[in-house]
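K.L.:
Input file: my_file.cif. Contents: mmCIF, C-alpha atoms.
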data_final
loop_
_atom_site.group_PDB
_atom_site.id
_atom_site.type_symbol
_atom_site.label_atom_id
_atom_site.label_comp_id
_atom_site.auth_asym_id
_atom_site.auth_seq_id
_atom_site.Cartn_x
_atom_site.Cartn_y
_atom_site.Cartn_z
ATOM 1 C CA MET A 1477 0.000 0.000 0.000
ATOM 2 C CA LEU A 1478 1.260 3.457 -0.845
ATOM 3 C CA GLY A 1479 3.206 5.016 1.990
ATOM 4 C CA THR A 1480 5.983 7.534 2.340
ATOM 5 C CA ASN A 1481 8.960 6.617 0.187
ATOM 6 C CA ARG A 1482 11.612 6.746 2.907
ATOM 7 C CA LEU A 1483 14.394 6.203 0.377
ATOM 8 C CA LYS A 1484 13.354 9.272 -1.588
ATOM 9 C CA GLN A 1485 12.846 11.203 1.634
ATOM 10 C CA LYS A 1486 16.301 10.331 2.989
ATOM 11 C CA LEU A 1487 17.980 11.250 -0.287
ATOM 12 C CA GLY A 1488 16.142 14.568 -0.261
ATOM 13 C CA GLU A 1489 17.480 15.203 3.245
ATOM 14 C CA GLY A 1490 21.064 14.481 2.192
ATOM 15 C CA GLU A 1491 21.418 11.150 3.977
ATOM 16 C CA THR A 1492 23.512 8.231 2.737
ATOM 17 C CA VAL A 1493 21.437 5.141 1.970
ATOM 18 C CA PHE A 1494 22.265 1.468 1.499
ATOM 19 C CA GLY A 1495 20.305 -1.122 -0.435
ATOM 20 C CA LEU A 1496 20.530 -4.754 -1.421
ATOM 21 C CA LEU A 1497 19.401 -6.663 -4.479
ATOM 22 C CA CYS A 1498 16.975 -9.417 -3.539
ATOM 23 C CA SER A 1499 17.086 -12.457 -5.823
ATOM 24 C CA ILE A 1500 15.622 -15.137 -3.548
ATOM 25 C CA PRO A 1501 11.833 -15.153 -4.070
ATOM 26 C CA SER A 1502 10.882 -15.177 -0.410
ATOM 27 C CA PRO A 1503 9.077 -12.596 1.758
ATOM 28 C CA VAL A 1504 11.110 -13.834 4.753
ATOM 29 C CA VAL A 1505 14.351 -12.815 3.064
ATOM 30 C CA VAL A 1506 12.988 -9.329 2.349
ATOM 31 C CA GLU A 1507 11.927 -9.064 5.982
ATOM 32 C CA MET A 1508 15.452 -10.041 7.068
ATOM 33 C CA VAL A 1509 16.974 -7.360 4.818
ATOM 34 C CA GLY A 1510 14.807 -4.755 6.507
ATOM 35 C CA CYS A 1511 15.546 -6.041 9.998
ATOM 36 C CA ALA A 1512 19.267 -5.939 9.174
ATOM 37 C CA GLY A 1513 18.950 -2.175 8.773
ATOM 38 C CA PHE A 1514 19.063 -1.606 5.011
ATOM 39 C CA ASP A 1515 17.198 1.407 3.642
ATOM 40 C CA PHE A 1516 15.907 -0.180 0.460
ATOM 41 C CA VAL A 1517 15.694 -3.421 -1.461
ATOM 42 C CA ILE A 1518 15.593 -4.025 -5.208
ATOM 43 C CA ILE A 1519 13.503 -7.119 -5.843
ATOM 44 C CA ASP A 1520 14.864 -8.698 -9.004
ATOM 45 C CA THR A 1521 12.463 -10.003 -11.645
ATOM 46 C CA GLU A 1522 14.942 -9.579 -14.506
ATOM 47 C CA HIS A 1523 17.146 -12.578 -13.756
ATOM 48 C CA VAL A 1524 14.853 -14.411 -11.358
ATOM 49 C CA LEU A 1525 11.537 -16.209 -11.830
ATOM 50 C CA VAL A 1526 9.137 -14.684 -9.295
ATOM 51 C CA ASN A 1527 5.433 -15.356 -9.528
ATOM 52 C CA PRO A 1528 3.133 -12.313 -9.108
ATOM 53 C CA GLU A 1529 1.657 -13.430 -5.786
ATOM 54 C CA THR A 1530 5.118 -13.966 -4.275
ATOM 55 C CA LEU A 1531 6.264 -10.568 -5.562
ATOM 56 C CA GLU A 1532 3.301 -8.888 -3.901
ATOM 57 C CA ASN A 1533 4.050 -10.675 -0.628
ATOM 58 C CA MET A 1534 7.711 -9.655 -0.838
ATOM 59 C CA ILE A 1535 6.617 -6.036 -1.199
ATOM 60 C CA ARG A 1536 4.207 -6.518 1.698
ATOM 61 C CA ALA A 1537 7.067 -7.858 3.847
ATOM 62 C CA ALA A 1538 9.133 -4.766 3.024
ATOM 63 C CA GLU A 1539 6.248 -2.543 4.103
ATOM 64 C CA ALA A 1540 6.001 -4.418 7.406
ATOM 65 C CA VAL A 1541 9.593 -3.547 8.364
ATOM 66 C CA GLY A 1542 9.777 -0.023 6.942
ATOM 67 C CA LEU A 1543 11.925 -1.011 3.972
ATOM 68 C CA THR A 1544 11.499 0.803 0.656
ATOM 69 C CA ALA A 1545 10.822 -1.818 -2.022
ATOM 70 C CA LEU A 1546 11.867 -1.178 -5.613
ATOM 71 C CA VAL A 1547 11.281 -3.790 -8.304
ATOM 72 C CA ARG A 1548 13.671 -4.431 -11.173
ATOM 73 C CA VAL A 1549 11.609 -5.437 -14.184
ATOM 74 C CA SER A 1550 12.983 -7.238 -17.225
ATOM 75 C CA GLU A 1551 12.476 -4.440 -19.762
ATOM 76 C CA PRO A 1552 10.732 -1.062 -20.199
ATOM 77 C CA ASN A 1553 7.365 -2.758 -20.620
ATOM 78 C CA PRO A 1554 4.450 -0.601 -19.338
ATOM 79 C CA LYS A 1555 2.315 -3.638 -18.467
ATOM 80 C CA GLU A 1556 5.104 -5.261 -16.443
ATOM 81 C CA ILE A 1557 5.793 -1.962 -14.704
ATOM 82 C CA LEU A 1558 2.074 -1.506 -13.995
ATOM 83 C CA ARG A 1559 1.715 -4.857 -12.253
ATOM 84 C CA ALA A 1560 4.732 -4.220 -10.017
ATOM 85 C CA LEU A 1561 3.406 -0.790 -9.039
ATOM 86 C CA ASP A 1562 -0.116 -2.066 -8.438
ATOM 87 C CA GLY A 1563 1.464 -4.687 -6.174
ATOM 88 C CA GLY A 1564 2.812 -1.843 -4.042
ATOM 89 C CA ALA A 1565 6.348 -1.182 -5.335
ATOM 90 C CA LEU A 1566 7.600 2.311 -4.517
ATOM 91 C CA GLY A 1567 9.896 2.402 -7.498
ATOM 92 C CA ILE A 1568 10.797 0.682 -10.737
ATOM 93 C CA VAL A 1569 14.322 -0.179 -11.845
ATOM 94 C CA VAL A 1570 14.708 -0.827 -15.575
ATOM 95 C CA PRO A 1571 17.847 -2.510 -16.963
ATOM 96 C CA HIS A 1572 19.716 -1.691 -20.169
ATOM 97 C CA VAL A 1573 18.281 1.762 -20.827
ATOM 98 C CA GLU A 1574 20.000 3.203 -23.872
ATOM 99 C CA SER A 1575 17.929 6.147 -25.110
ATOM 100 C CA ARG A 1576 15.898 9.167 -24.083
ATOM 101 C CA GLU A 1577 12.857 7.542 -25.672
ATOM 102 C CA GLN A 1578 13.133 4.536 -23.349
ATOM 103 C CA ALA A 1579 13.509 6.826 -20.339
ATOM 104 C CA GLU A 1580 10.399 8.756 -21.363
ATOM 105 C CA LEU A 1581 8.478 5.489 -21.698
ATOM 106 C CA ILE A 1582 9.541 4.447 -18.187
ATOM 107 C CA VAL A 1583 8.386 7.718 -16.645
ATOM 108 C CA ARG A 1584 5.043 7.583 -18.464
ATOM 109 C CA ALA A 1585 4.512 4.028 -17.221
ATOM 110 C CA CYS A 1586 5.341 4.996 -13.619
ATOM 111 C CA LYS A 1587 3.219 8.130 -13.434
ATOM 112 C CA TYR A 1588 -0.503 8.791 -13.544
ATOM 113 C CA GLY A 1589 -1.803 11.598 -15.736
ATOM 114 C CA PRO A 1590 -1.064 14.321 -16.500
ATOM 115 C CA GLU A 1591 2.584 13.322 -15.933
ATOM 116 C CA GLY A 1592 2.158 9.854 -17.430
ATOM 117 C CA SER A 1593 -0.279 7.227 -18.585
ATOM 118 C CA ARG A 1594 -0.274 4.580 -15.835
ATOM 119 C CA SER A 1595 -3.590 2.756 -15.874
ATOM 120 C CA LEU A 1596 -5.952 3.674 -13.036
ATOM 121 C CA ASN A 1597 -6.658 1.045 -10.399
ATOM 122 C CA SER A 1598 -8.011 1.098 -6.835
ATOM 123 C CA GLY A 1599 -6.332 -2.104 -5.610
ATOM 124 C CA ARG A 1600 -3.887 -2.553 -2.737
ATOM 125 C CA ALA A 1601 -1.596 0.299 -3.808
ATOM 126 C CA GLY A 1602 -4.582 2.625 -3.482
ATOM 127 C CA THR A 1603 -5.805 0.972 -0.240
ATOM 128 C CA PHE A 1604 -8.723 -0.508 -2.207
ATOM 129 C CA GLY A 1605 -10.402 2.879 -2.454
ATOM 130 C CA LYS A 1606 -10.413 3.484 1.305
ATOM 131 C CA HIS A 1607 -9.113 7.020 0.793
ATOM 132 C CA ASP A 1608 -9.723 9.668 -1.843
ATOM 133 C CA LEU A 1609 -8.381 8.256 -5.111
ATOM 134 C CA THR A 1610 -7.563 11.627 -6.665
ATOM 135 C CA GLU A 1611 -5.336 12.330 -3.658
ATOM 136 C CA TYR A 1612 -3.809 8.864 -4.059
ATOM 137 C CA ILE A 1613 -2.888 9.685 -7.665
ATOM 138 C CA ARG A 1614 -1.170 12.893 -6.587
ATOM 139 C CA ARG A 1615 0.778 11.140 -3.840
ATOM 140 C CA ALA A 1616 1.716 8.197 -6.061
ATOM 141 C CA ASN A 1617 3.231 10.562 -8.598
ATOM 142 C CA GLU A 1618 5.296 12.108 -5.793
ATOM 143 C CA GLU A 1619 6.418 8.893 -4.117
ATOM 144 C CA ILE A 1620 7.072 6.450 -6.995
ATOM 145 C CA MET A 1621 10.663 6.447 -8.264
ATOM 146 C CA ALA A 1622 11.732 5.824 -11.863
ATOM 147 C CA VAL A 1623 15.244 4.352 -11.976
ATOM 148 C CA PRO A 1624 17.011 3.444 -15.239
ATOM 149 C CA MET A 1625 20.134 1.314 -15.280
ATOM 150 C CA ILE A 1626 22.956 2.438 -17.556
ATOM 151 C CA GLU A 1627 24.988 -0.671 -18.259
ATOM 152 C CA SER A 1628 26.159 -0.623 -21.881
ATOM 153 C CA ARG A 1629 28.437 1.385 -24.139
ATOM 154 C CA SER A 1630 25.378 2.834 -25.881
ATOM 155 C CA GLY A 1631 23.793 3.733 -22.560
ATOM 156 C CA VAL A 1632 26.912 5.554 -21.406
ATOM 157 C CA GLU A 1633 27.038 7.481 -24.675
ATOM 158 C CA GLN A 1634 23.404 8.508 -24.223
ATOM 159 C CA ALA A 1635 23.570 9.058 -20.441
ATOM 160 C CA ASP A 1636 23.058 12.807 -20.637
ATOM 161 C CA ALA A 1637 19.962 12.424 -22.829
ATOM 162 C CA ILE A 1638 18.550 9.627 -20.651
ATOM 163 C CA LEU A 1639 18.976 11.580 -17.435
ATOM 164 C CA SER A 1640 17.575 14.789 -18.910
ATOM 165 C CA VAL A 1641 14.069 13.270 -18.879
ATOM 166 C CA PRO A 1642 11.846 14.874 -16.209
ATOM 167 C CA GLY A 1643 10.697 12.302 -13.661
ATOM 168 C CA ILE A 1644 13.893 10.244 -13.547
ATOM 169 C CA ASP A 1645 14.734 10.071 -9.839
ATOM 170 C CA MET A 1646 17.875 7.948 -9.664
ATOM 171 C CA VAL A 1647 20.227 6.080 -11.972
ATOM 172 C CA LEU A 1648 21.759 2.711 -11.073
ATOM 173 C CA GLU A 1649 25.090 1.593 -12.488
ATOM 174 C CA GLY A 1650 25.626 -1.838 -13.995
ATOM 175 C CA ALA A 1651 29.361 -2.504 -14.178
ATOM 176 C CA ALA A 1652 28.992 -6.222 -14.940
ATOM 177 C CA ASP A 1653 27.043 -5.863 -18.172
ATOM 178 C CA LEU A 1654 29.003 -2.712 -18.980
ATOM 179 C CA SER A 1655 32.215 -4.730 -18.846
ATOM 180 C CA GLN A 1656 30.743 -7.204 -21.321
ATOM 181 C CA SER A 1657 29.634 -4.365 -23.582
ATOM 182 C CA TYR A 1658 33.229 -3.174 -23.658
ATOM 183 C CA GLY A 1659 34.448 -6.678 -24.512
ATOM 184 C CA ILE A 1660 36.010 -7.457 -21.120
ATOM 185 C CA PRO A 1661 33.368 -9.562 -19.295
ATOM 186 C CA TRP A 1662 33.442 -9.486 -15.483
ATOM 187 C CA GLN A 1663 36.376 -7.087 -15.372
ATOM 188 C CA THR A 1664 34.166 -4.697 -13.436
ATOM 189 C CA ARG A 1665 37.023 -2.635 -12.031
ATOM 190 C CA ALA A 1666 38.982 -2.299 -15.273
ATOM 191 C CA PRO A 1667 39.960 1.286 -16.208
ATOM 192 C CA LEU A 1668 37.667 1.285 -19.265
ATOM 193 C CA VAL A 1669 34.666 0.202 -17.183
ATOM 194 C CA LYS A 1670 35.416 2.680 -14.409
ATOM 195 C CA ALA A 1671 35.681 5.440 -17.011
ATOM 196 C CA GLY A 1672 32.248 4.491 -18.348
ATOM 197 C CA LEU A 1673 30.755 4.575 -14.858
ATOM 198 C CA LYS A 1674 32.356 7.964 -14.243
ATOM 199 C CA GLN A 1675 30.872 9.293 -17.489
ATOM 200 C CA SER A 1676 27.376 8.283 -16.362
ATOM 201 C CA TYR A 1677 28.004 9.769 -12.931
ATOM 202 C CA GLU A 1678 29.030 13.093 -14.450
ATOM 203 C CA ALA A 1679 25.845 13.106 -16.532
ATOM 204 C CA SER A 1680 23.831 12.528 -13.340
ATOM 205 C CA LEU A 1681 25.513 15.558 -11.759
ATOM 206 C CA ARG A 1682 24.682 17.772 -14.731
ATOM 207 C CA ARG A 1683 21.055 16.645 -14.672
ATOM 208 C CA GLY A 1684 20.550 16.655 -10.915
ATOM 209 C CA VAL A 1685 19.764 12.941 -10.736
ATOM 210 C CA THR A 1686 20.867 10.761 -7.802
ATOM 211 C CA TYR A 1687 23.599 8.310 -8.777
ATOM 212 C CA CYS A 1688 23.503 4.881 -7.145
ATOM 213 C CA ALA A 1689 26.767 2.935 -7.148
ATOM 214 C CA ILE A 1690 27.477 -0.752 -6.568
ATOM 215 C CA PRO A 1691 30.871 -0.823 -4.815
ATOM 216 C CA ARG A 1692 32.679 -4.138 -5.139
ATOM 217 C CA ALA A 1693 35.436 -3.237 -2.697
ATOM 218 C CA MET A 1694 35.886 -0.685 0.077
ATOM 219 C CA GLU A 1695 38.175 1.211 -2.273
ATOM 220 C CA ASP A 1696 35.246 1.685 -4.686
ATOM 221 C CA TYR A 1697 33.006 2.909 -1.885
ATOM 222 C CA GLU A 1698 35.578 5.479 -0.751
ATOM 223 C CA GLU A 1699 36.061 6.750 -4.305
ATOM 224 C CA TRP A 1700 32.324 7.220 -4.813
ATOM 225 C CA ARG A 1701 31.838 8.723 -1.358
ATOM 226 C CA GLN A 1702 34.525 11.297 -1.994
ATOM 227 C CA LEU A 1703 32.728 12.247 -5.204
ATOM 228 C CA GLY A 1704 29.571 12.892 -3.209
ATOM 229 C CA VAL A 1705 27.634 9.718 -4.043
ATOM 230 C CA ARG A 1706 25.156 8.874 -1.265
ATOM 231 C CA ALA A 1707 23.273 5.843 -2.615
ATOM 232 C CA PHE A 1708 24.824 2.380 -2.649
ATOM 233 C CA VAL A 1709 23.704 -1.159 -3.461
ATOM 234 C CA LEU A 1710 25.871 -3.626 -1.542
ATOM 235 C CA GLY A 1711 25.462 -6.619 -3.845
ATOM 236 C CA ASP A 1712 22.689 -9.195 -3.686
ATOM 237 C CA GLU A 1713 21.551 -11.314 -0.788
ATOM 238 C CA ARG A 1714 22.596 -14.574 -2.449
ATOM 239 C CA GLY A 1715 26.216 -13.498 -2.574
ATOM 240 C CA VAL A 1716 26.106 -12.046 0.929
ATOM 241 C CA SER A 1717 24.552 -15.248 2.287
ATOM 242 C CA PHE A 1718 26.947 -17.527 0.405
ATOM 243 C CA ARG A 1719 30.034 -15.692 1.631
ATOM 244 C CA ALA A 1720 28.726 -15.623 5.201
ATOM 245 C CA MET A 1721 27.961 -19.369 5.162
ATOM 246 C CA ARG A 1722 31.313 -20.248 3.637
ATOM 247 C CA ALA A 1723 33.179 -18.071 6.142
ATOM 248 C CA HIS A 1724 31.185 -19.613 8.992
ATOM 249 C CA LEU A 1725 32.058 -23.137 7.860
ATOM 250 C CA GLN A 1726 35.727 -22.323 7.318
ATOM 251 C CA SER A 1727 35.945 -20.674 10.734
ATOM 252 C CA PHE A 1728 34.320 -23.660 12.415
ATOM 253 C CA ALA A 1729 36.558 -26.089 10.535
ATOM 254 C CA ALA A 1730 39.624 -24.127 11.635
ATOM 255 C CA GLU A 1731 38.487 -24.278 15.262
ATOM 256 C CA VAL A 1732 37.922 -28.032 14.986
ATOM 257 C CA GLN A 1733 41.386 -28.493 13.519
ATOM 258 C CA ALA A 1734 42.928 -26.358 16.256
ATOM 259 C CA ALA A 1735 41.127 -28.362 18.930
ATOM 260 C CA LYS A 1736 42.578 -31.584 17.497
ATOM 261 C CA GLY A 1737 45.904 -29.853 17.938
#
Would you put the structure from the file into structure tokens?

P.N.:
Amino acid sequence: MLGTNRLKQKLGEGETVFGLLCSIPSPVVVEMVGCAGFDFVIIDTEHVLVNPETLENMIRAAEAVGLTALVRVSEPNPKEILRALDGGALGIVVPHVESREQAELIVRACKYGPEGSRSLNSGRAGTFGKHDLTEYIRRANEEIMAVPMIESRSGVEQADAILSVPGIDMVLEGAADLSQSYGIPWQTRAPLVKAGLKQSYEASLRRGVTYCAIPRAMEDYEEWRQLGVRAFVLGDERGVSFRAMRAHLQSFAAEVQAAKG
């Protein structure tokens, strides 16, 4: 159900925010992310098969713990965006945006008229018509975030045009796919990739759009922080969980070995 977008509010107040990609289709995992203290979660439906009912329950879990839930859709498809928003998402993340036209389509799909063309509905996002629906439309247009990902050579080249579109609230980097676009897959910290990220960041500065980085090492975080970046995605919960479990096992095994002496 539509509430205050705390992520947008915190960014507007100059706070630094931390998010996590959520790739495990489970409301419990989303709830854990919120309880762990993250500011926002990006529920991934680009790379992950999530049925609509589970997605809605994941968003509901985020609401229960005060976590801002964004949904990454698979493409700039207005119908896919509509269903995620009607399920209660407070923002839409769209991968592989490469043109101003795509950015305009995303904003239109996220906003009700006159700012966009999102289809009217009085479901759970609008509290089933409990409150004045014209006021809901106004608030939805204020709270919902439109977030393109720039993660290709073409996207970097068009970053200024993409981020010039009114209604774009934040831009998310995508160093992995960007590295592949440059012909150096998974070399996410290569100079060419870092230069591409920096080019997108500079476009975000010119256009007054929040830049969201995905630091892969503390060094990356410090570099972005010194540039004034205040929004960070700290990987996805699968990777975080895997590394924690592996470290836990290795630590326990080391203690067992030491005890055998």

K.L.:
May I ask for the distance between CA of Gly1513 in chain A and CA of Pro1501 in chain A, given in Å to one decimal place?

P.N.:
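That distance, rounded to one decimal, is 19.6 Å.
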
K.L.:
Find the residue from A:Ala1652, A:Ala1723, A:Gly1589, A:Asp1515 that sits nearest to Ala1666 in chain A; use all atoms listed in the file when measuring.

P.N.:
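The answer is A:Ala1652, which sits nearest to Ala1666 in chain A.
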
K.L.:
Name the residues that the PyMOL selection byres ((chain A and resi 1669) around 12) pulls out of this structure, and write them as a compact mmCIF listing (two decimals) with C-alpha atoms, in the coordinates of the input.

P.N.:
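Saved the output as part11.txt:
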# COMPACT_ATOMS: atom_id res chain seq x y z
CA ILE A 1626 22.96 2.44 -17.56
CA GLU A 1627 24.99 -0.67 -18.26
CA SER A 1628 26.16 -0.62 -21.88
CA ARG A 1629 28.44 1.38 -24.14
CA VAL A 1632 26.91 5.55 -21.41
CA GLU A 1649 25.09 1.59 -12.49
CA GLY A 1650 25.63 -1.84 -14.00
CA ALA A 1651 29.36 -2.50 -14.18
CA ALA A 1652 28.99 -6.22 -14.94
CA ASP A 1653 27.04 -5.86 -18.17
CA LEU A 1654 29.00 -2.71 -18.98
CA SER A 1655 32.22 -4.73 -18.85
CA GLN A 1656 30.74 -7.20 -21.32
CA SER A 1657 29.63 -4.36 -23.58
CA TYR A 1658 33.23 -3.17 -23.66
CA GLY A 1659 34.45 -6.68 -24.51
CA ILE A 1660 36.01 -7.46 -21.12
CA PRO A 1661 33.37 -9.56 -19.30
CA TRP A 1662 33.44 -9.49 -15.48
CA GLN A 1663 36.38 -7.09 -15.37
CA THR A 1664 34.17 -4.70 -13.44
CA ARG A 1665 37.02 -2.64 -12.03
CA ALA A 1666 38.98 -2.30 -15.27
CA PRO A 1667 39.96 1.29 -16.21
CA LEU A 1668 37.67 1.28 -19.26
CA LYS A 1670 35.42 2.68 -14.41
CA ALA A 1671 35.68 5.44 -17.01
CA GLY A 1672 32.25 4.49 -18.35
CA LEU A 1673 30.76 4.58 -14.86
CA LYS A 1674 32.36 7.96 -14.24
CA GLN A 1675 30.87 9.29 -17.49
CA SER A 1676 27.38 8.28 -16.36

K.L.:
Compare A:His1523, A:His1572, A:Lys1587, A:Lys1555 by their minimum atom-to-atom distance to Ile1500 in chain A, counting all atoms listed in the file, and give me the closest one.

P.N.:
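Comparing A:His1523, A:His1572, A:Lys1587, A:Lys1555 against Ile1500 in chain A, the winner is A:His1523.
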
K.L.:
Find the spatial neighbours of Arg1482 in chain A, counting all atoms listed in the file, within a cut-off of 8 Å - ignore same-chain residues fewer than 3 positions away - and output them as JSON, numbers by chain.

P.N.:
{"A": [1485, 1486, 1515, 1543, 1544]}

K.L.:
Any chance you could resolve the PyMOL selection byres ((chain A and resi 1711) around 9) against this file and give the residues as a PyMOL selection string?

P.N.:
chain A and resi 1495-1498+1690-1692+1709-1710+1712-1716

K.L.:
One decimal, in Å: what's the spacing between CA of Ser1593 in chain A and CA of Val1547 in chain A?

P.N.:
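Computing the Euclidean distance for CA of Ser1593 in chain A and CA of Val1547 in chain A yields 19.0 Å.
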
K.L.:
In file coordinates, which residues lie within 6 Å of (12.2, 4.5, -7.2) using all atoms listed in the file, given as a PyMOL selection string?

P.N.:
chain A and resi 1546+1566-1568+1620-1623

K.L.:
Within 12 Å of Ala1540 in chain A, counting only C-alpha atoms, which residues qualify if same-chain residues fewer than 5 places away don't, as a CSV table (one decimal) with C-alpha atoms, in the frame of the given file?

P.N.:
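Output below, filename result.csv:
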chain,number,residue,atom,x,y,z
A,1477,MET,CA,0.0,0.0,0.0
A,1479,GLY,CA,3.2,5.0,2.0
A,1503,PRO,CA,9.1,-12.6,1.8
A,1504,VAL,CA,11.1,-13.8,4.8
A,1506,VAL,CA,13.0,-9.3,2.3
A,1507,GLU,CA,11.9,-9.1,6.0
A,1508,MET,CA,15.5,-10.0,7.1
A,1509,VAL,CA,17.0,-7.4,4.8
A,1510,GLY,CA,14.8,-4.8,6.5
A,1511,CYS,CA,15.5,-6.0,10.0
A,1533,ASN,CA,4.0,-10.7,-0.6
A,1534,MET,CA,7.7,-9.7,-0.8
A,1535,ILE,CA,6.6,-6.0,-1.2
A,1545,ALA,CA,10.8,-1.8,-2.0

K.L.:
Could you jot down the CA of Gly1599 in chain A to CA of Leu1648 in chain A separation for me, Å, one decimal place?

P.N.:
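That distance, rounded to one decimal, is 29.0 Å.
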
K.L.:
Calculated over only C-alpha atoms, which of the candidates A:Met1646, A:Ala1560, A:Ala1729, A:Val1526 has the smallest distance to Val1705 in chain A?

P.N.:
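Of all the options, A:Met1646 lies closest to Val1705 in chain A.
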
K.L.:
Neighbours of His1607 in chain A within 10 Å (all atoms listed in the file; same-chain residues fewer than 5 positions away dropped), as a ChimeraX atom specification?

P.N.:
/A:1598,1602,1612

K.L.:
Residues near Val1583 in chain A, anyone? I mean within 8 Å using all atoms listed in the file, not counting same-chain ones fewer than 3 positions away, as number ranges by chain.

P.N.:
A: 1579-1580, 1586-1587, 1592, 1622, 1642-1644

K.L.:
Can you spit out the residues from that selection as a JSON list (two decimals), keeping the file's coordinate frame, using C-alpha atoms?

P.N.:
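Heads up, here's the output in again_37.json:
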[["chain", "number", "residue", "atom", "x", "y", "z"],
["A", 1579, "ALA", "CA", 13.51, 6.83, -20.34],
["A", 1580, "GLU", "CA", 10.40, 8.76, -21.36],
["A", 1586, "CYS", "CA", 5.34, 5.00, -13.62],
["A", 1587, "LYS", "CA", 3.22, 8.13, -13.43],
["A", 1592, "GLY", "CA", 2.16, 9.85, -17.43],
["A", 1622, "ALA", "CA", 11.73, 5.82, -11.86],
["A", 1642, "PRO", "CA", 11.85, 14.87, -16.21],
["A", 1643, "GLY", "CA", 10.70, 12.30, -13.66],
["A", 1644, "ILE", "CA", 13.89, 10.24, -13.55]]

K.L.:
Point out the residue among A:Leu1478, A:Leu1483, A:Val1647, A:Leu1531 with the least atom-to-atom distance to Ala1616 in chain A, counting only C-alpha atoms.

P.N.:
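Smallest separation from Ala1616 in chain A among the options: A:Leu1478.
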
K.L.:
Choose the residue, out of A:Arg1615, A:Arg1559, A:His1724, A:Lys1606, that has the smallest atom-to-atom separation from Arg1594 in chain A; count all atoms listed in the file.

P.N.:
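When distances to Arg1594 in chain A are compared using all atoms listed in the file, the smallest one comes from A:Arg1559.
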
K.L.:
In terms of the shortest atom-to-atom distance over all atoms listed in the file, which of A:Asn1481, A:Leu1681, A:Cys1688, A:Asp1608 is closest to Val1569 in chain A?

P.N.:
A:Cys1688

K.L.:
Could you list the residues chosen by the PyMOL selection byres ((chain A and resi 1640) around 10) in this structure as an mmCIF file with C-alpha atoms, keeping the file's coordinate frame?

P.N.:
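This went into selection.cif:
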data_model
loop_
_atom_site.group_PDB
_atom_site.id
_atom_site.type_symbol
_atom_site.label_atom_id
_atom_site.label_comp_id
_atom_site.auth_asym_id
_atom_site.auth_seq_id
_atom_site.Cartn_x
_atom_site.Cartn_y
_atom_site.Cartn_z
ATOM 1 C CA ARG A 1576 15.898 9.167 -24.083
ATOM 2 C CA ALA A 1579 13.509 6.826 -20.339
ATOM 3 C CA GLU A 1580 10.399 8.756 -21.363
ATOM 4 C CA ALA A 1635 23.570 9.058 -20.441
ATOM 5 C CA ASP A 1636 23.058 12.807 -20.637
ATOM 6 C CA ALA A 1637 19.962 12.424 -22.829
ATOM 7 C CA ILE A 1638 18.550 9.627 -20.651
ATOM 8 C CA LEU A 1639 18.976 11.580 -17.435
ATOM 9 C CA VAL A 1641 14.069 13.270 -18.879
ATOM 10 C CA PRO A 1642 11.846 14.874 -16.209
ATOM 11 C CA GLY A 1643 10.697 12.302 -13.661
ATOM 12 C CA ILE A 1644 13.893 10.244 -13.547
ATOM 13 C CA ALA A 1679 25.845 13.106 -16.532
ATOM 14 C CA SER A 1680 23.831 12.528 -13.340
ATOM 15 C CA ARG A 1682 24.682 17.772 -14.731
ATOM 16 C CA ARG A 1683 21.055 16.645 -14.672
ATOM 17 C CA GLY A 1684 20.550 16.655 -10.915
ATOM 18 C CA VAL A 1685 19.764 12.941 -10.736
#

K.L.:
Box for range 1640-1644 of chain A: with edges along x, y and z, all listed atoms inside and 8 Å added on each side, what are the centre and edge lengths in Å to one decimal, as JSON?

P.N.:
{"center_x": 14.1, "center_y": 12.6, "center_z": -16.2, "size_x": 22.9, "size_y": 20.6, "size_z": 21.4}

K.L.:
Pull the neighbourhood of (14.3, -9.3, -19.8) for me: all residues within 6 Å in file coordinates, counting only C-alpha atoms, as an MDAnalysis selection string.

P.N.:
chainID A and resid 1522 1550:1551
